[in-house]
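Working notes for the structure below.
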There are 2 protein chains.
Amino acid sequence: MTTPWTQRYAQRTQRMSSSMIRELLKMTEQPDLISFAGGLPAPELFPVAEFEAAAQRVLKQHGSKALQYSTTEGYLPLREFIVEKMSQYGIQATPENVLITSGSQQALDLIGKLLINSGDLILTENPTYLGALQAWRAYQAEFTAVPIDDNGIQIELLEEALCGGPKFMYILPNFQNPGGVTLSYDRRQALVALADRYGVPIIEDDPYGELRFEGNHLPPLVVLDAEKLNGDDARPAAGNGHNGDEAGFFRGNVIYLSTFSKTLAPGLRLGWMVAPKSVIKRCVQAKQGMDLHTSSFVQMVAHETIKGDFLPRHVRRIREVYKTRRDVMIGTMLRQFPPGITWTWPEGGLFLWVTLPEWLDAAAILPKAIEQKVAFVPGTAFYPDGTGHNHFRLNFSNAQPEQIEEGIKRLGRVLAQELERTAELAYA
Amino acid sequence: MTTPWTQRYAQRTQRMSSSMIRELLKMTEQPDLISFAGGLPAPELFPVAEFEAAAQRVLKQHGSKALQYSTTEGYLPLREFIVEKMSQYGIQATPENVLITSGSQQALDLIGKLLINSGDLILTENPTYLGALQAWRAYQAEFTAVPIDDNGIQIELLEEALCGGPKFMYILPNFQNPGGVTLSYDRRQALVALADRYGVPIIEDDPYGELRFEGNHLPPLVVLDAEKLNGDDARPAAGNGHNGDEAGFFRGNVIYLSTFSKTLAPGLRLGWMVAPKSVIKRCVQAKQGMDLHTSSFVQMVAHETIKGDFLPRHVRRIREVYKTRRDVMIGTMLRQFPPGITWTWPEGGLFLWVTLPEWLDAAAILPKAIEQKVAFVPGTAFYPDGTGHNHFRLNFSNAQPEQIEEGIKRLGRVLAQELERTAELAYA
């Protein structure tokens, strides 16, 4: 290739990860393949009729406004709705603490643009969300990754990683993607304390928090940080001259991200960031250069759809359906998976995480699974350090229960054959 | 401010320009102020009823698809529509040459992300589009700016700037923002030849090209470059081993950008990039990390609105209305502006450009204009080199003809007073 562009982007793009999500999305388009690979919500739950009515009302009543340029911060009634919604989880924000983003992927890109310089170290969970790695590799970030277990990131291993001087920590506390695990209450407290002690801020990414099927909701890191801050004389408080532009809740260590992709519809590309006002102000400047603003039409139609009490009712319905699908998946795995294979038991969200015996390689098994018309994502992609060969991720939100049962049966057969084959090799 | 974020972004954000567009958009919200400052299309021309019908059809027929995740490249029927549309202007693309972006602002950000390293020199017109400067300053770009006149960028001054080794040139050939001028045919030929000779690619930004009120359409730079390429043995052709992944038209020096913001509605945030396949492929990877994809809902509703022959009819209507408004603006300026003030006569687009006597400063006049309830954008913001104090930009697309007349009268009085005052000072 000698187009004049080639040399110019070579340096930059060698740093970008190969586009695995994308290739996987393509794979799921084979009609007879049962895919547990994507991260797609159940499309039959999308509130299509409600959207249709909302789009009609918005265009009839505010057509010119919905189709015109608008402000970068986002549609004020939608930001007010988000403030009200988050207050139920203890997050005391004002609309000035909220920025509407084009999906929470854009919030990750914004954070990269504002915070990451070439070679900066970012602390993540190991494994972690692939899209965050992709967003930040574009800014030449390096990663230090701390293993997770059934209770989330392993706090006893965190301190050593913090000593490496990471720019920030990236944490998915609820039903983590890909692990499906939830950070325990004690670890949340410990994490917030460590972040404070080492002066390392936290990006709290919470796309799935509302989709809890069972167990008790745990407070977000941003809330624990605010509580600590307000009970801690050692840290500067609002009004003492150090934090002049911030007051009350949001002076802290945590930027909180969430999205309507899992509770409403991902095709909207609608997420939000909650942060101190000074951070939001910088992000607004950066977002202006990135896409001016998120579609006013989408923001107004989404707000018209969810205002009132629609969203909590709708989220309850999603929880019921996803719980059933998780139960079908795990039930079938218990019957059909060969011994020696373990997995996480998510209390919510979209994913569970499978661990194979150490000598098996999930990436090598994937082509055999696809041959049997079933797909998953091999673990390695989610590990910043490139380990994780004997893990894979399963999505349980997208397929119907009967498909889940059939797909897991197929996968069980593939795994049993693989175990048998490798056992033979071991004795040969 | 001592939030833990502050120090972390200080370095990055000191490089970003102060957010002038944003402040100006705020100003236009005063109800009794006549603003020529924004770049807003006429909202009364938005095809609201057509959108409403299209949204209904899309949601009824393809609701699940419109609300689900989709591919980063963009909705294929929309890309096919764009290919067909561009073929009328001589641009021979395939859907693989087209990437849907979240407004063409995102295309500018993408280009920055892929091509610009800290300190890289970008060649622009002087003045140029503020949003491009904002997007690329975030990547620590430096600028070398070549003056424009009534026929666009001054080719005789270009060669010296090219010797400085810019990474690429950024050119708005039609009804330039802010200048309102159009690059002449001869200069287009010369520009393409110089780009080739110096090996400096061109970003051709064409948001307004379809909004020509009079005169003849001129071929896009991307077309002239392809013609040159196909008639020029000295450059490597497809199939000779150098350009293996490219064939036919798109092997060249030019990336072409356009948008539906001015022909349909900016609130959609829907633009596109046309480029060699290898460039599109890299941009798709980068866009994935930025927002995964542009809203599938917006793409499908836009396509449903414009498919068939709606768009050309609609664009004809926009042209008629904007031509009337330009004529009213210039007609009133001829009667109401004091002598010694000149302006460009745009053959299309949304803007014209005013030149004051050298000793006047448009930024200093702006507060006085706002006092008289009329607004414009002072020139300096559009000059990468910070010159341009005696210029300002007027938008003629957004206000009604009677408002334009009244606003220009007010502005004429302000300018007359200013000239009188400074003349008195000169004789004092």
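Quick note on naming: the chains in the structure tokens go A, B, ... in the order shown, residues restart at 1 in each chain, and ligands are numbered from 1 in order of appearance.
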
- request: Hey, list the chain A side of the contact with chain B: 6 Å cut-off, only C-alpha atoms, answer as a ChimeraX atom specification.
  value: /A:1-2,8-9,43,48,52,56,63-64,67-69,105-106,109,114-115,134-135,242-243,265-269,289-291,295-297

Would you output that residue set with C-alpha atoms, as a compact mmCIF listing (two decimals), in the first residue's frame?
# COMPACT_ATOMS: atom_id res chain seq x y z
CA MET A 1 0.00 0.00 0.00
CA THR A 2 1.46 3.32 -1.01
CA ARG A 8 0.93 8.93 8.01
CA TYR A 9 -1.27 6.71 10.11
CA PRO A 43 -34.37 -6.93 20.94
CA VAL A 48 -40.75 0.07 20.00
CA GLU A 52 -42.96 5.49 17.98
CA GLN A 56 -44.46 11.51 16.99
CA GLY A 63 -39.91 19.45 15.66
CA SER A 64 -37.69 22.45 14.94
CA LEU A 67 -33.78 18.77 14.46
CA GLN A 68 -31.64 21.87 15.17
CA TYR A 69 -28.15 22.18 16.65
CA GLN A 105 -18.09 4.53 24.77
CA GLN A 106 -17.77 8.24 24.01
CA ASP A 109 -12.89 8.31 24.61
CA LEU A 114 -8.44 14.65 28.53
CA LEU A 115 -6.32 12.50 30.80
CA GLN A 134 -9.57 0.01 22.61
CA ALA A 135 -10.48 3.62 23.46
CA HIS A 242 -9.31 24.69 47.70
CA ASN A 243 -12.41 23.54 45.90
CA ALA A 265 -31.89 0.64 23.53
CA PRO A 266 -28.25 0.67 22.41
CA GLY A 267 -29.14 1.87 18.89
CA LEU A 268 -29.80 5.31 20.37
CA ARG A 269 -26.13 5.74 21.44
CA GLY A 289 -14.44 19.17 19.06
CA MET A 290 -15.52 15.53 18.81
CA ASP A 291 -19.16 15.69 17.64
CA SER A 295 -28.25 14.03 18.51
CA SER A 296 -30.92 16.36 19.89
CA PHE A 297 -33.57 14.25 18.15

- request: List the neighbours of B:Ile155 out to 7 Å using only C-alpha atoms; skip same-chain residues closer than 2 positions along the sequence, and give me the result as a PyMOL selection string.
  value: chain B and resi 153+157-158+187+191

The selected residues should be written to file as a PDB file, in the first residue's frame (atoms: C-alpha atoms).
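Wrote it out as again.pdb, contents follow:
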ATOM      1  CA  ILE B 153      -6.950  30.006  -1.144  1.00  0.00           C
ATOM      2  CA  LEU B 157       1.275  31.776  -1.533  1.00  0.00           C
ATOM      3  CA  LEU B 158       0.657  28.062  -1.101  1.00  0.00           C
ATOM      4  CA  ARG B 187      -7.034  27.092  -8.528  1.00  0.00           C
ATOM      5  CA  LEU B 191      -4.093  22.873  -5.777  1.00  0.00           C
TER       6      LEU B 191
END

message: At a cut-off of 9 Å, using only C-alpha atoms, what residues contact B:Leu224? Leave out same-chain residues fewer than 3 positions from it and give the result as JSON, numbers by chain.
response: {"B": [188, 189, 192, 219, 220, 221, 227, 228, 229]}

query: When DSSP works through the backbone of this structure, what residues of stretch 125-214 of chain A end up as strand (DSSP E or B), shown as a list in words?
result: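 Selection result, strand (DSSP E or B) within stretch 125-214 of chain A: Glu125, Asn126, Glu142, Phe143, Thr144, Ala145, Val146, Pro147, Ile148, Asp149, Gly152, Ile153, Phe168, Met169, Tyr170, Ile171, Ile202, Ile203, Glu204, Asp205 and Arg212 of chain A.
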
Resulting file, chosen residues, N, CA and C atoms, as an mmCIF file, in the first residue's frame:
data_model
loop_
_atom_site.group_PDB
_atom_site.id
_atom_site.type_symbol
_atom_site.label_atom_id
_atom_site.label_comp_id
_atom_site.auth_asym_id
_atom_site.auth_seq_id
_atom_site.Cartn_x
_atom_site.Cartn_y
_atom_site.Cartn_z
ATOM 1 N N GLU A 125 -9.215 -3.768 35.954
ATOM 2 C CA GLU A 125 -9.443 -5.139 36.387
ATOM 3 C C GLU A 125 -8.904 -6.079 35.298
ATOM 4 N N ASN A 126 -8.565 -7.287 35.707
ATOM 5 C CA ASN A 126 -8.045 -8.292 34.771
ATOM 6 C C ASN A 126 -8.933 -9.533 34.899
ATOM 7 N N GLU A 142 -0.643 2.573 28.559
ATOM 8 C CA GLU A 142 -0.175 1.259 28.988
ATOM 9 C C GLU A 142 -1.110 0.809 30.115
ATOM 10 N N PHE A 143 -1.161 -0.487 30.375
ATOM 11 C CA PHE A 143 -2.098 -0.980 31.373
ATOM 12 C C PHE A 143 -1.400 -1.795 32.449
ATOM 13 N N THR A 144 -1.887 -1.624 33.687
ATOM 14 C CA THR A 144 -1.513 -2.534 34.755
ATOM 15 C C THR A 144 -2.818 -3.142 35.244
ATOM 16 N N ALA A 145 -2.905 -4.465 35.234
ATOM 17 C CA ALA A 145 -4.195 -5.120 35.435
ATOM 18 C C ALA A 145 -4.160 -5.978 36.693
ATOM 19 N N VAL A 146 -5.176 -5.811 37.558
ATOM 20 C CA VAL A 146 -5.241 -6.515 38.836
ATOM 21 C C VAL A 146 -6.329 -7.586 38.745
ATOM 22 N N PRO A 147 -6.000 -8.840 39.063
ATOM 23 C CA PRO A 147 -6.970 -9.931 38.889
ATOM 24 C C PRO A 147 -8.266 -9.724 39.672
ATOM 25 N N ILE A 148 -9.353 -10.245 39.142
ATOM 26 C CA ILE A 148 -10.624 -10.290 39.859
ATOM 27 C C ILE A 148 -10.877 -11.721 40.337
ATOM 28 N N ASP A 149 -11.724 -11.849 41.374
ATOM 29 C CA ASP A 149 -12.283 -13.153 41.741
ATOM 30 C C ASP A 149 -13.794 -12.977 41.878
ATOM 31 N N GLY A 152 -14.972 -9.479 42.820
ATOM 32 C CA GLY A 152 -14.440 -8.320 42.108
ATOM 33 C C GLY A 152 -12.932 -8.207 42.232
ATOM 34 N N ILE A 153 -12.428 -7.004 42.027
ATOM 35 C CA ILE A 153 -10.981 -6.792 41.990
ATOM 36 C C ILE A 153 -10.362 -7.192 43.331
ATOM 37 N N PHE A 168 -5.210 6.657 36.512
ATOM 38 C CA PHE A 168 -6.496 6.415 37.166
ATOM 39 C C PHE A 168 -6.781 4.919 37.167
ATOM 40 N N MET A 169 -7.829 4.529 37.950
ATOM 41 C CA MET A 169 -8.298 3.144 37.963
ATOM 42 C C MET A 169 -9.613 3.060 37.206
ATOM 43 N N TYR A 170 -9.807 1.986 36.477
ATOM 44 C CA TYR A 170 -11.056 1.769 35.738
ATOM 45 C C TYR A 170 -11.742 0.537 36.314
ATOM 46 N N ILE A 171 -12.921 0.755 36.908
ATOM 47 C CA ILE A 171 -13.598 -0.304 37.658
ATOM 48 C C ILE A 171 -15.043 -0.451 37.181
ATOM 49 N N ILE A 202 -10.798 7.267 40.320
ATOM 50 C CA ILE A 202 -11.502 6.072 39.831
ATOM 51 C C ILE A 202 -12.479 6.470 38.726
ATOM 52 N N ILE A 203 -12.442 5.725 37.614
ATOM 53 C CA ILE A 203 -13.537 5.778 36.644
ATOM 54 C C ILE A 203 -14.448 4.599 36.974
ATOM 55 N N GLU A 204 -15.666 4.902 37.426
ATOM 56 C CA GLU A 204 -16.640 3.861 37.779
ATOM 57 C C GLU A 204 -17.602 3.696 36.606
ATOM 58 N N ASP A 205 -17.522 2.557 35.933
ATOM 59 C CA ASP A 205 -18.352 2.312 34.746
ATOM 60 C C ASP A 205 -19.475 1.368 35.150
ATOM 61 N N ARG A 212 -30.151 -5.813 38.290
ATOM 62 C CA ARG A 212 -29.875 -6.798 39.341
ATOM 63 C C ARG A 212 -31.094 -7.702 39.496
#

- request: Would you please give, as JSON, numbers by chain, all residues of stretch 28-121 of chain B that DSSP assigns to helix (DSSP H, G or I) based on the backbone?
  value: {"B": [43, 44, 45, 48, 49, 50, 51, 52, 53, 54, 55, 56, 57, 58, 59, 60, 61, 62, 63, 64, 65, 66, 67, 76, 77, 78, 79, 80, 81, 82, 83, 84, 85, 86, 87, 95, 96, 97, 103, 104, 105, 106, 107, 108, 109, 110, 111, 112, 113, 114, 115]}

For the residues selected in the previous step, produce a file with C-alpha atoms as a PDB file, in the first residue's frame.
ATOM      1  CA  PRO B  43     -35.555  25.662  11.242  1.00  0.00           C
ATOM      2  CA  GLU B  44     -38.822  26.357   9.416  1.00  0.00           C
ATOM      3  CA  LEU B  45     -37.437  24.356   6.473  1.00  0.00           C
ATOM      4  CA  VAL B  48     -40.658  17.670  10.274  1.00  0.00           C
ATOM      5  CA  ALA B  49     -43.724  15.904   8.845  1.00  0.00           C
ATOM      6  CA  GLU B  50     -41.561  13.713   6.599  1.00  0.00           C
ATOM      7  CA  PHE B  51     -39.411  12.764   9.596  1.00  0.00           C
ATOM      8  CA  GLU B  52     -42.463  11.910  11.622  1.00  0.00           C
ATOM      9  CA  ALA B  53     -43.791   9.592   8.915  1.00  0.00           C
ATOM     10  CA  ALA B  54     -40.334   8.074   8.396  1.00  0.00           C
ATOM     11  CA  ALA B  55     -39.811   7.434  12.116  1.00  0.00           C
ATOM     12  CA  GLN B  56     -43.164   5.681  12.249  1.00  0.00           C
ATOM     13  CA  ARG B  57     -42.401   3.478   9.243  1.00  0.00           C
ATOM     14  CA  VAL B  58     -38.912   2.591  10.498  1.00  0.00           C
ATOM     15  CA  LEU B  59     -40.134   1.657  13.972  1.00  0.00           C
ATOM     16  CA  LYS B  60     -43.141  -0.310  12.691  1.00  0.00           C
ATOM     17  CA  GLN B  61     -41.155  -2.237  10.088  1.00  0.00           C
ATOM     18  CA  HIS B  62     -37.653  -2.490  11.563  1.00  0.00           C
ATOM     19  CA  GLY B  63     -38.024  -1.410  15.198  1.00  0.00           C
ATOM     20  CA  SER B  64     -35.688  -4.018  16.674  1.00  0.00           C
ATOM     21  CA  LYS B  65     -33.000  -3.300  14.136  1.00  0.00           C
ATOM     22  CA  ALA B  66     -33.256   0.479  14.520  1.00  0.00           C
ATOM     23  CA  LEU B  67     -32.818   0.255  18.299  1.00  0.00           C
ATOM     24  CA  LEU B  76     -25.617   0.046   4.257  1.00  0.00           C
ATOM     25  CA  PRO B  77     -28.690   1.466   2.441  1.00  0.00           C
ATOM     26  CA  LEU B  78     -27.679   4.935   3.645  1.00  0.00           C
ATOM     27  CA  ARG B  79     -24.128   4.426   2.404  1.00  0.00           C
ATOM     28  CA  GLU B  80     -25.540   3.243  -0.929  1.00  0.00           C
ATOM     29  CA  PHE B  81     -27.735   6.337  -1.094  1.00  0.00           C
ATOM     30  CA  ILE B  82     -24.677   8.528  -0.478  1.00  0.00           C
ATOM     31  CA  VAL B  83     -22.706   6.706  -3.205  1.00  0.00           C
ATOM     32  CA  GLU B  84     -25.515   7.313  -5.694  1.00  0.00           C
ATOM     33  CA  LYS B  85     -25.880  10.943  -4.631  1.00  0.00           C
ATOM     34  CA  MET B  86     -22.140  11.632  -4.934  1.00  0.00           C
ATOM     35  CA  SER B  87     -21.929  10.007  -8.351  1.00  0.00           C
ATOM     36  CA  PRO B  95     -20.101   1.788  -0.127  1.00  0.00           C
ATOM     37  CA  GLU B  96     -16.693   0.521   1.099  1.00  0.00           C
ATOM     38  CA  ASN B  97     -15.326   4.023   0.480  1.00  0.00           C
ATOM     39  CA  GLY B 103     -21.746  14.785  12.084  1.00  0.00           C
ATOM     40  CA  SER B 104     -18.754  15.799   9.993  1.00  0.00           C
ATOM     41  CA  GLN B 105     -17.248  17.192  13.191  1.00  0.00           C
ATOM     42  CA  GLN B 106     -16.574  13.555  14.130  1.00  0.00           C
ATOM     43  CA  ALA B 107     -14.790  13.046  10.818  1.00  0.00           C
ATOM     44  CA  LEU B 108     -12.471  15.922  11.752  1.00  0.00           C
ATOM     45  CA  ASP B 109     -11.819  14.323  15.148  1.00  0.00           C
ATOM     46  CA  LEU B 110     -11.176  10.942  13.497  1.00  0.00           C
ATOM     47  CA  ILE B 111      -8.666  12.520  11.131  1.00  0.00           C
ATOM     48  CA  GLY B 112      -6.938  14.157  14.079  1.00  0.00           C
ATOM     49  CA  LYS B 113      -6.798  10.902  15.970  1.00  0.00           C
ATOM     50  CA  LEU B 114      -5.339   8.942  13.054  1.00  0.00           C
ATOM     51  CA  LEU B 115      -3.001  11.471  11.538  1.00  0.00           C
TER      52      LEU B 115
END

Within 7 Å of A:Asn395 using only C-alpha atoms, minus same-chain residues under 4 positions, as a PDB file with C-alpha atoms, in the first residue's frame:
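And here's around28.pdb as it stands now:
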ATOM      1  CA  PHE A  36     -23.315 -16.052  23.059  1.00  0.00           C
ATOM      2  CA  ALA A  37     -20.521 -13.824  21.757  1.00  0.00           C
ATOM      3  CA  GLY A  38     -22.059 -10.367  21.394  1.00  0.00           C
ATOM      4  CA  GLY A  39     -23.215  -8.085  24.187  1.00  0.00           C
ATOM      5  CA  LEU A 350     -25.666  -9.768  30.654  1.00  0.00           C
ATOM      6  CA  PHE A 351     -22.598 -12.000  30.980  1.00  0.00           C
ATOM      7  CA  LEU A 352     -21.060 -14.963  32.726  1.00  0.00           C
TER       8      LEU A 352
END
